[in-house]
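Right, one structure below, let's go through it.
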Amino acid sequence: MNLITLAEPTSPAAEAYRTLRTNLHFAMLDAPLRTLLVASPDSGQSAAKVLANLAVTWAQVGKRVIAVDADLREPSLHAAFDAPNAAGLTDWLESSGGSDDPPLCATRLPNLSLLPSGTPPAIPADLISSDRMARAIQRLADMADLVLFSAPPFGRFSDAAVLASRVDGVLLVVEAGKTRRDHAQQAKDILARAHARLIGAVMLGTK
């Protein structure tokens, strides 16, 4: 996964992520936005790419950011940040129910921490839907200015819908030429049923 905001900070793509950061800042003026789910109708990898680069841009302006890999089926944030995935979100929830300090990993940016997915659970949806996860979200929100969560695609699993109902906002990631219109509409319908706050959508190009 290419962290363009670190590798090529003056590129048009990096500037686009900074523009996204600015737009989210304006959204925060209307209502608090401390926890944000970044998810896609059909591609967890695309959503993780947006999340990782967005997290970098926030950290670069001095905000305390925690990136949480809540995609317990195909985790990828640890690879993006060159971090281990031996222990993470699942291990934290299993050991303490999210009540003690999470096993955060440091990144190249002092203000940006990563909570990897950790040991794969038997039934990911049950863990995401648990009261332990709700407590963990609150705990993380108390530790940072912004907590960004990844999740599996909306169209394939229930995990993203559950998380959407528990965070302050949702950023939907679609891909030009790849995401089908009906899949995007299905994701919007899921968010509406979950009474989630859709902040906006990001379209990734084909490159």
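Chain labels A, B, ... are given in the sequence in which chains occur in the structure tokens; within each chain residues are numbered consecutively from 1, and ligands are likewise numbered from 1 in the order shown.
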
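For stretch 193-201 of chain A, the set of protein, DNA and RNA residues having any atom at most 8 Å away, when counting only C-alpha atoms and skipping those fewer than 3 positions along the same chain, is Leu24, Ala27, Ala161, Val162, Ala164, Ser165, Arg166, Val167, Asp168, Gly169, Val170, Leu171, Leu172, Val173, Val174, Asp189 and Ile190 of chain A.
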
Exercise: A:Arg18 partners within 10 Å, only C-alpha atoms, chain neighbours under 6 positions left out, as a count of residues only: 10

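Distance check against A:Glu94 using only C-alpha atoms: of A:Ala79, A:Leu127, A:Leu146, A:Val61, the minimum falls on A:Leu127.
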
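Here the question is which of A:Cys105, A:Ala7, A:Ala16, A:Leu204 gets nearest to A:Val68 using only C-alpha atoms, and that residue is A:Cys105.
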
If we count only C-alpha atoms and set the cut-off at 8 Å, which residues sit around A:Ile66, ignoring sequence neighbours fewer than 3 positions away in its own chain? Please answer as a short mmCIF file (atom, residue, chain, number, x, y, z; two decimals) with N, CA and C atoms, in the first residue's frame.
data_model
loop_
_atom_site.label_atom_id
_atom_site.label_comp_id
_atom_site.auth_asym_id
_atom_site.auth_seq_id
_atom_site.Cartn_x
_atom_site.Cartn_y
_atom_site.Cartn_z
N ALA A 55 -4.94 9.65 7.78
CA ALA A 55 -4.37 9.68 9.13
C ALA A 55 -3.04 10.43 9.13
N LEU A 112 0.87 9.93 15.39
CA LEU A 112 0.04 8.88 14.78
C LEU A 112 0.39 7.52 15.35
N SER A 113 -0.62 6.87 15.94
CA SER A 113 -0.46 5.52 16.48
C SER A 113 -1.37 4.57 15.72
N LEU A 114 -0.99 3.31 15.72
CA LEU A 114 -1.76 2.27 15.04
C LEU A 114 -2.20 1.20 16.03
N LEU A 115 -3.47 0.82 15.94
CA LEU A 115 -3.95 -0.35 16.67
C LEU A 115 -4.23 -1.42 15.62
N LEU A 140 -10.72 4.72 23.13
CA LEU A 140 -9.82 5.27 22.11
C LEU A 140 -10.12 6.74 21.84
N ALA A 144 -7.37 10.42 21.86
CA ALA A 144 -6.90 11.08 20.64
C ALA A 144 -7.85 12.17 20.20
N LEU A 146 -8.62 12.31 16.94
CA LEU A 146 -9.39 11.63 15.90
C LEU A 146 -9.00 10.16 15.86
N VAL A 147 -10.01 9.29 15.84
CA VAL A 147 -9.78 7.85 15.72
C VAL A 147 -10.42 7.39 14.42
N LEU A 148 -9.62 6.78 13.56
CA LEU A 148 -10.08 6.31 12.26
C LEU A 148 -10.17 4.79 12.27
#

Which one of A:Pro32, A:Gly88, A:Pro75, A:Pro102 sits closest to A:Met143 if you count only C-alpha atoms? A:Pro102

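Across the model, the gap from atom CA of A:Thr22 to atom CA of A:Ala136 is 27.2 Å.
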
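The residue that comes closest to A:Asn85, out of A:Thr119, A:Ser11, A:Thr19, A:Ser99 and on the basis of only C-alpha atoms, is A:Thr119.
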
Where does DSSP see helix (DSSP H, G or I) in stretch 62-131 of chain A, if you list the residues as number ranges by chain? A: 77-80, 89-96, 124-128, 131

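Residues surrounding A:Ala184 within 12 Å are A:Ala39, A:Ser40, A:Pro41, A:Asp42, A:Ser43, A:Pro153, A:Phe154, A:Gly155, A:Leu172, A:Val173, A:Val174, A:Glu175, A:Ala176, A:Lys178, A:Thr179, A:Arg180, A:Arg181, A:Ala187, A:Lys188, A:Asp189, A:Ile190, A:Leu191, A:Ala201, A:Val202, A:Met203 [only C-alpha atoms; sequence separation below 3 positions excluded].
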
So which residues of chain A fall under strand (DSSP E or B) by DSSP, listed as a VMD selection string? chain A and resid 35 to 39 65 to 68 105 to 106 112 to 115 146 to 149 169 to 175 198 to 204

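Straight-line separation from atom CA of A:Ala70 to atom CA of A:Thr10: 30.0 Å.
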
Could you pull the residues within 8 Å of A:Asp159, counting only C-alpha atoms, minus those fewer than 2 positions along the same chain, as number ranges by chain? A: 124-125, 128-129, 151-152, 154, 157, 161-163

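Take the candidates A:Pro103, A:Ser150, A:Arg64, A:Asp82 and check each one against A:Leu36 using only C-alpha atoms; the shortest distance goes to A:Ser150.
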
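When atom CA of A:Phe149 is paired with atom CA of A:Asp30, their separation reads 20.9 Å.
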
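Considering the residues A:His25, A:Arg132, A:Arg34, A:His78 and counting only C-alpha atoms, A:Thr90 has its shortest atom-to-atom contact with A:Arg132.
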